[in-house]
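These notes concern the structure reproduced below.
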Amino acid sequence: MAKNKLTTGKIQSIIANLLIVEADGPVSQNEICYIKIPGVQLMAEVIKINGNNAYIQVFESTRGLKVGDSVEFTGHMLEVTLGPGILSKNFDGLQNDLDKMDGVFLKRGDYTNPLEDDKLWEFKAIAKAGDKVFAGDWLGEVKENWIPHKIMVPFKFIGSYTIKSIVSEGEYKINDTIAVLSNEKNEDIAITMIQKWPVRIPIKNYKSKPRPFKIMETGVRTMDILNPIVEGGTGFIPGPFGSGKTVLQHGLAKQAEADLIIVAACGERANEVVEIFKEYPELNDPRTGRKLIERTTIVANTSNMPVAAREASVYTAMTLCEYYRSMGLRVLLLADSTSRWAQALREMSNRMEELPGPDAFPMDLSAIVSSFYARAGYVYLNNGKTGSVTFIGTVSPAGGNLKEPVTESTKKAARCFYALSQQRADSKRYPAIDPIDSYSKYLEYPEFIEYIQKNISSDWIEDVLYTKNILLRGKEAYEQINILGDDGVPISYHLNFWKSEIIDFVILQQDAFDDVDASTPIKRQKYMLKSIINICKNDYNFDSFEEVNHYFKKIINFCKQMNYSDFQSEQFKEYEKKLNTTIEERKIA
Amino acid sequence: METKAFQKIYTKITQVTKATCSLSAPGIGYEELAIINGRLAQVVKINKDIVTLQVFSGTEGIPTNAEVVFMGKPPTLKVSDELSGRIFNAYGEPIDDMPDIQGEEREIGSPSVNPVRREQPSELIATGIAGIDLNNTIVTGQKIPFFADPDQPFNQVMAMVALRAQADRIILGGMGMTNDDFLFYKNVFENAGASDRIVSFINTTENPSVERLLVPDMALTAAEYFAVDKNEKVLVLLTDMTLYADALSIVSNRMDQIPSKDSMPGSLYSDLAKIYEKAVQFPEGGSITIIAVTTLSGGDITHAIPDNTGYITEGQLFLRKDSDIGKVIVDPFRSLSRLKQLVIGKQTREDHPQVMNAAIRLFADAANAKTKLQNGFDLSDYDERTLNFAKDYSNDLLAIDVNIEINKMIDTGWNLFKKHFTPEEVAIKKEFVDKYWPKNE
């Protein structure tokens, strides 16, 4: 894309944020350009080219633009700046640092530096002069919060390089030269702590990408036990509005076992983003004892911010994740919501007057979604270390209908499916993940089963499948009871139903707003699963179905009180004792 | 909006559709206003020299030689304290036979608030309606619509909320409102002596429908003036957003855009979000809270308008007629206020969340019992008790004519629990049961 002179152009036509620009030189697809109007310049991206006409989408409001206004093309695609200082930042979809902007209202054309040029970082070399290195190899590291942030050979470098010199331990700024590399032609190239990367292209400087197999603990029991997600896995949460999608995502961000979290608030409510901004600096990260914000970066493009930047924001977030994965870290990307991203695609496709696919979405929606999900994964880096990007996206299906194009396209791409059910939400059974409709393909992976058997327990998988079976039997019994009436079915049906209710109330339902119940470590989950399964495996003696209801409600109440108590505390043990006495009352030995 | 001297007048319109006119005019800015034979229009598309104008009041009777004058600016509203107590049309012109107002001219549809500069909404707005305060608490800076069928008394409830809520300023944006409803609001506010803190922007069914598109932006520009410049707590009432969306679809249809779901424009989500996201808590203490009405057809919430709205707003309120008690109640199952977690149990009493959830769960049990009854099955003793509880709960708490203070609502909840159930059946944290379960007299 080397050009002697930058291409310029003049606006020919304006329809909302789509402009047609006549260019006087070469233009490339997805190239970034700026519209120059007095006092400001507005960023835009080429999305279609026809002869000399470039169709560009402007990332800002186009109010007041005129035919004939001049446009300057930059010769590169939409890029992010990668380097120390990304953590704990609040970016917009184009990686502008929102905190650096003046005033309460966003100003058009106000672009800010994503990183700090003046900040000093304590650099320590990992490689030494004379080493042969490739793109993505680690040269040194700085401490970013407490994360060892690796300074790498820029990903864009092709071929092998030799380190000519590398600076000694000390404090440096991001733009200082920390190493000099020489390429195969013996040309010297200075390396700083920052590099740029085009967001729409995956970073692929790793050796291999195996099938993921390590469970990623989330503390959410219905996920960890019934439908686990893995490090480097993909999952999606579709749900009608009001079904607890956002609460669940926030829970994951707070509790999931990851080194760092990137939250992409894509076209969602601003007040929800504010909640993250205000609460994360206060919340403790249970794993490190530090504040949650220290391991979180937020890419916020709320629903009232320009639609084209919303489309870019998910790519920006994913690129940041891939960057940290290359450092051997476990990264979790939460995108809320991928439907808003798809809608942004639809708005643009609509303005370009493309022939529409289903529900007016672009025809290639499915391909775009798949290739985005494919950027997640567990990787072995060239130095043998591992890293992962786990991606969980939410989908907001129109009218709660899971047959709509975004949900269907996502279903093809993601390996875990967490169906939020309106019915569960209506009866306040939160999290409203439907235990029967949801699935995790990872439960079938032999690598995963092996890992679980080694690291949790040998009979865990068996217990999980047993639990799923009880839930299914309970649902069948419930349907029969509804059709035939309480008296019309044998007592065993009631027993089956209530056994599934115990699992629902005690394991699946979790109070996200209770300090103790909000997050359950695997150790406690193991205890709970075993004790509930033991209750379910017992036979009980009842004379009437009313006794069954009453008895199991009592059991559920004790179990719930246990859930609210600290694990193995005095209070906990007291309820455990009461529970055991109650079980003995009717148990058939 | 009078024309100024030396403005260029165009007299050659090349194309007229039902809602738009096109003409050749170089050097025009996007979204600029124009006047065509005295009618207000706005630039919606420019292609080389050809400018397409959306004519707000329709193009009936516009000749090809109509006089077109460009104003060189987007739509604006004059803001000052003089807005208070006044009634305007969709263009921000007074329609109450009082003089024009003086003030600073501001562009409507201003940029969004930087999310990092927002404050977290944290102040409860009490309405006295338990279906709202107890189950779906509303907070300053929130946006929440009533999803209602056209025959439900949403205007009455809105007016009640507006008067009881502790707001400094109320802005009413009426879109496609019948004149009768407009007069209803006017009377209620006047009778309550609240007129002087209310600003109204009204487009009635007698006005052209495309004009409605300006109403929310006008109302919110006025709201931002009071919330930002004056640090006031502003409550904005928008009714009816369904008619607003219908006007959007008319315009996009006239511009030959490809419709998406339910013949709505593909940008419906962004269009609605731009309005609702103006709800904000500012750091200096001012806030904008939006309560809107989205009318449904036949209770269908999967239609594109309520569906997109639901994804933008922080919850929704449903009204329903409860046949057991013959009153309108706030439906506890389908209604939700997403921001209630920020205040319940924090600004309100500690047991508020658990009492709320337990009552709703028991109400759900009653609904199941009712289904059983309808299917001809015998009811258990527990079923009978839930049905009795449901009746009391609807009558004493959910009905919209209830007007009590929040602690009283929570106490009423405990009394109903005690009347019908044992503590185990209610399943609330033990420490709260010990503290609040009503003692025998």
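Chain identifiers are assigned as A, B, and so on, following the order in which chains appear in the structure tokens; residues are numbered from 1 within each chain, and ligands are numbered from 1 in order of appearance.
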| message | Run DSSP on the backbone and tell me which residues of region 150-252 of chain B come out as alpha helix (DSSP H); list them as JSON, numbers by chain. | response | {"B": [154, 155, 156, 157, 158, 159, 160, 161, 162, 163, 164, 179, 180, 181, 182, 183, 184, 185, 186, 187, 188, 189, 190, 191, 215, 216, 217, 218, 219, 220, 221, 222, 223, 224, 241, 242, 243, 244, 245, 246, 247, 248, 249, 250, 251, 252]}
Preceding selection exported with N, CA and C atoms as a short mmCIF file (atom, residue, chain, number, x, y, z; two decimals), in the first residue's frame:
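For reference, result.cif as written:
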```cif
data_model
loop_
_atom_site.label_atom_id
_atom_site.label_comp_id
_atom_site.auth_asym_id
_atom_site.auth_seq_id
_atom_site.Cartn_x
_atom_site.Cartn_y
_atom_site.Cartn_z
N PHE B 154 -53.13 4.25 30.28
CA PHE B 154 -51.74 4.64 30.49
C PHE B 154 -51.57 6.15 30.67
N ASN B 155 -52.43 6.94 30.00
CA ASN B 155 -52.30 8.38 30.17
C ASN B 155 -52.59 8.82 31.61
N GLN B 156 -53.60 8.17 32.22
CA GLN B 156 -53.93 8.49 33.61
C GLN B 156 -52.75 8.13 34.52
N VAL B 157 -52.19 6.91 34.29
CA VAL B 157 -51.09 6.48 35.15
C VAL B 157 -49.88 7.40 34.97
N MET B 158 -49.59 7.76 33.72
CA MET B 158 -48.46 8.66 33.44
C MET B 158 -48.64 9.98 34.16
N ALA B 159 -49.85 10.53 34.06
CA ALA B 159 -50.11 11.82 34.69
C ALA B 159 -49.95 11.71 36.20
N MET B 160 -50.40 10.57 36.74
CA MET B 160 -50.31 10.34 38.18
C MET B 160 -48.84 10.29 38.60
N VAL B 161 -48.05 9.51 37.83
CA VAL B 161 -46.62 9.39 38.12
C VAL B 161 -45.96 10.76 38.04
N ALA B 162 -46.31 11.52 37.00
CA ALA B 162 -45.68 12.83 36.80
C ALA B 162 -45.94 13.74 37.99
N LEU B 163 -47.16 13.71 38.50
CA LEU B 163 -47.49 14.62 39.59
C LEU B 163 -46.91 14.19 40.93
N ARG B 164 -46.88 12.85 41.15
CA ARG B 164 -46.40 12.39 42.45
C ARG B 164 -44.88 12.37 42.51
N ASN B 179 -56.60 15.15 20.67
CA ASN B 179 -56.80 16.43 21.33
C ASN B 179 -57.40 16.22 22.72
N ASP B 180 -58.27 15.20 22.84
CA ASP B 180 -58.90 14.91 24.13
C ASP B 180 -57.85 14.56 25.19
N ASP B 181 -56.89 13.71 24.78
CA ASP B 181 -55.85 13.33 25.73
C ASP B 181 -54.99 14.53 26.11
N PHE B 182 -54.72 15.37 25.13
CA PHE B 182 -53.93 16.56 25.39
C PHE B 182 -54.63 17.43 26.43
N LEU B 183 -55.94 17.61 26.24
CA LEU B 183 -56.70 18.42 27.18
C LEU B 183 -56.75 17.77 28.56
N PHE B 184 -56.77 16.42 28.56
CA PHE B 184 -56.77 15.69 29.84
C PHE B 184 -55.51 16.05 30.64
N TYR B 185 -54.34 15.91 29.97
CA TYR B 185 -53.07 16.24 30.64
C TYR B 185 -53.09 17.67 31.14
N LYS B 186 -53.55 18.57 30.24
CA LYS B 186 -53.55 19.98 30.57
C LYS B 186 -54.38 20.26 31.83
N ASN B 187 -55.56 19.63 31.86
CA ASN B 187 -56.44 19.83 33.01
C ASN B 187 -55.84 19.27 34.29
N VAL B 188 -55.32 18.05 34.19
CA VAL B 188 -54.76 17.41 35.39
C VAL B 188 -53.63 18.27 35.95
N PHE B 189 -52.75 18.75 35.07
CA PHE B 189 -51.62 19.54 35.53
C PHE B 189 -52.09 20.87 36.10
N GLU B 190 -53.08 21.48 35.44
CA GLU B 190 -53.58 22.76 35.94
C GLU B 190 -54.25 22.60 37.29
N ASN B 191 -55.08 21.55 37.40
CA ASN B 191 -55.79 21.34 38.67
C ASN B 191 -54.83 21.08 39.82
N VAL B 215 -40.62 16.04 17.61
CA VAL B 215 -41.06 16.22 19.00
C VAL B 215 -40.06 15.71 20.04
N PRO B 216 -39.59 14.44 19.93
CA PRO B 216 -38.68 13.96 20.99
C PRO B 216 -37.41 14.82 21.10
N ASP B 217 -36.84 15.19 19.95
CA ASP B 217 -35.61 15.98 19.99
C ASP B 217 -35.86 17.36 20.61
N MET B 218 -37.00 17.97 20.29
CA MET B 218 -37.36 19.26 20.89
C MET B 218 -37.48 19.10 22.40
N ALA B 219 -38.25 18.09 22.82
CA ALA B 219 -38.49 17.88 24.25
C ALA B 219 -37.17 17.64 24.98
N LEU B 220 -36.28 16.86 24.34
CA LEU B 220 -35.04 16.51 25.03
C LEU B 220 -34.04 17.65 25.02
N THR B 221 -34.12 18.52 24.01
CA THR B 221 -33.25 19.70 24.02
C THR B 221 -33.66 20.61 25.18
N ALA B 222 -34.97 20.76 25.37
CA ALA B 222 -35.45 21.54 26.52
C ALA B 222 -35.02 20.86 27.82
N ALA B 223 -35.12 19.52 27.85
CA ALA B 223 -34.75 18.77 29.06
C ALA B 223 -33.27 18.97 29.38
N GLU B 224 -32.44 18.93 28.34
CA GLU B 224 -31.00 19.10 28.57
C GLU B 224 -30.69 20.50 29.09
N MET B 241 -44.68 6.55 21.55
CA MET B 241 -43.51 6.28 20.72
C MET B 241 -43.82 5.37 19.53
N THR B 242 -44.89 4.60 19.62
CA THR B 242 -45.27 3.76 18.47
C THR B 242 -45.63 4.65 17.28
N LEU B 243 -46.32 5.76 17.56
CA LEU B 243 -46.69 6.65 16.47
C LEU B 243 -45.46 7.37 15.91
N TYR B 244 -44.48 7.61 16.77
CA TYR B 244 -43.22 8.18 16.30
C TYR B 244 -42.56 7.22 15.31
N ALA B 245 -42.47 5.94 15.70
CA ALA B 245 -41.83 4.94 14.84
C ALA B 245 -42.60 4.79 13.53
N ASP B 246 -43.92 4.88 13.61
CA ASP B 246 -44.71 4.80 12.38
C ASP B 246 -44.33 5.92 11.42
N ALA B 247 -44.11 7.12 11.97
CA ALA B 247 -43.71 8.24 11.13
C ALA B 247 -42.34 7.98 10.49
N LEU B 248 -41.44 7.36 11.25
CA LEU B 248 -40.13 7.00 10.68
C LEU B 248 -40.29 6.08 9.49
N SER B 249 -41.18 5.11 9.63
CA SER B 249 -41.32 4.13 8.55
C SER B 249 -41.95 4.79 7.32
N ILE B 250 -42.80 5.79 7.53
CA ILE B 250 -43.39 6.49 6.39
C ILE B 250 -42.28 7.18 5.59
N VAL B 251 -41.39 7.90 6.30
CA VAL B 251 -40.32 8.62 5.62
C VAL B 251 -39.38 7.66 4.90
N SER B 252 -38.98 6.57 5.58
CA SER B 252 -38.00 5.68 4.94
C SER B 252 -38.63 5.00 3.74
#
```
Contact check, chain A to chain B, at most 6 Å, counting only C-alpha atoms, closest pairs as a Markdown table:
```
| residue | atom | partner | partner_atom | distance |
| --- | --- | --- | --- | --- |
| A:Gln12 | CA | B:Lys48 | CA | 5.0 |
| A:Ser13 | CA | B:Asn47 | CA | 4.1 |
| A:Ile14 | CA | B:Ile46 | CA | 4.9 |
| A:Ile15 | CA | B:Lys45 | CA | 4.8 |
| A:Arg63 | CA | B:Tyr30 | CA | 5.1 |
| A:Gly64 | CA | B:Gly29 | CA | 4.2 |
| A:Leu65 | CA | B:Gly29 | CA | 5.1 |
| A:Lys66 | CA | B:Gly29 | CA | 4.7 |
| A:Val104 | CA | B:Arg117 | CA | 5.7 |
| A:Phe105 | CA | B:Val113 | CA | 4.2 |
| A:Leu106 | CA | B:Asn114 | CA | 5.1 |
| A:Phe241 | CA | B:Tyr311 | CA | 5.8 |
| A:Val274 | CA | B:Gln120 | CA | 5.9 |
| A:Ser303 | CA | B:Ala273 | CA | 5.7 |
| A:Asn304 | CA | B:Lys274 | CA | 4.7 |
| A:Glu347 | CA | B:Gly266 | CA | 5.6 |
| A:Asp359 | CA | B:Ser260 | CA | 5.5 |
| A:Ala360 | CA | B:Ser260 | CA | 5.0 |
| A:Gly399 | CA | B:Thr302 | CA | 3.8 |
| A:Asp426 | CA | B:Phe333 | CA | 5.4 |
| A:Gly485 | CA | B:Phe377 | CA | 5.9 |
```
| field | Surrounding residues of Phe417 (chain B) excluding itself and chain neighbours under 4 positions, 8 Å, only C-alpha atoms, as a PyMOL selection string | value | chain B and resi 359+389+413+421-423+426
| remark: Here CA of Met255 (chain B) and CA of Val46 (chain A) stand apart by 23.7 Å
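What separates CA of Leu443 (chain A) from CA of Ala317 (chain A) is a distance of 28.0 Å.
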Please provide as a short mmCIF file (atom, residue, chain, number, x, y, z; two decimals) with N, CA and C atoms, in the first residue's frame all residues within 12 Å of Ser457 (chain A), with the sequence filter that same-chain residues fewer than 5 positions apart are discarded (counting only C-alpha atoms).
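Saved as around_3.cif:
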```cif
data_model
loop_
_atom_site.label_atom_id
_atom_site.label_comp_id
_atom_site.auth_asym_id
_atom_site.auth_seq_id
_atom_site.Cartn_x
_atom_site.Cartn_y
_atom_site.Cartn_z
N ILE A 449 -12.86 -34.30 28.80
CA ILE A 449 -13.22 -35.32 29.78
C ILE A 449 -11.97 -35.77 30.55
N GLU A 450 -10.92 -35.95 29.81
CA GLU A 450 -9.65 -36.38 30.42
C GLU A 450 -9.16 -35.33 31.42
N TYR A 451 -9.26 -34.08 31.01
CA TYR A 451 -8.79 -32.99 31.86
C TYR A 451 -9.60 -32.92 33.16
N ILE A 452 -10.91 -33.06 33.03
CA ILE A 452 -11.80 -33.00 34.20
C ILE A 452 -11.50 -34.16 35.14
N GLU A 462 -19.75 -38.18 34.97
CA GLU A 462 -20.85 -39.12 35.18
C GLU A 462 -21.97 -38.45 35.99
N ASP A 463 -21.56 -37.74 37.05
CA ASP A 463 -22.54 -37.04 37.89
C ASP A 463 -23.29 -35.96 37.10
N VAL A 464 -22.55 -35.29 36.22
CA VAL A 464 -23.17 -34.22 35.43
C VAL A 464 -24.25 -34.82 34.52
N ILE A 522 -15.20 -24.13 42.43
CA ILE A 522 -15.37 -25.53 42.02
C ILE A 522 -15.39 -26.48 43.21
N LYS A 523 -14.58 -26.20 44.21
CA LYS A 523 -14.52 -27.09 45.36
C LYS A 523 -15.90 -27.21 46.03
N GLN A 525 -18.73 -26.42 44.56
CA GLN A 525 -19.65 -27.02 43.57
C GLN A 525 -19.59 -28.54 43.63
N LYS A 526 -18.35 -29.04 43.83
CA LYS A 526 -18.15 -30.48 43.90
C LYS A 526 -18.93 -31.04 45.09
N TYR A 527 -18.80 -30.36 46.23
CA TYR A 527 -19.54 -30.77 47.44
C TYR A 527 -21.04 -30.75 47.18
N LEU A 529 -22.75 -30.77 44.32
CA LEU A 529 -23.22 -31.75 43.34
C LEU A 529 -23.34 -33.12 44.00
N LYS A 530 -22.32 -33.50 44.75
CA LYS A 530 -22.34 -34.82 45.41
C LYS A 530 -23.50 -34.91 46.38
#
```
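Neighbours of Ala148 (chain B) closer than or equal to 7 Å, with only C-alpha atoms counted and sequence neighbours fewer than 4 positions away skipped, come out as Gln152, Phe154, Thr294, Thr295, Leu296, Phe318 and Leu319 of chain B.
The coordinates place CA of Glu211 (chain B) at 23.4 Å from CA of Glu82 (chain B).
Look at Phe213 (chain A): the protein and nucleic acid residues within 7 Å of it, using only C-alpha atoms and passing over chain neighbours fewer than 5 places away, are Val230, Glu447, Phe448 and Tyr451 of chain A.
By chain and then residue number, the residues within 9 Å of Leu94 (chain A) are Phe59, Leu78, Glu79, Val80, Tyr111, Val299, Asn301, Ala309, Arg310, Ala312, Ser313 and Thr316 of chain A, counting only C-alpha atoms and disregarding those fewer than 6 positions away in sequence.
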| Picked from region 244-383 of chain A by DSSP as strand (DSSP E), as a PyMOL selection string | chain A and resi 260-266+296-301+330-336+377-380
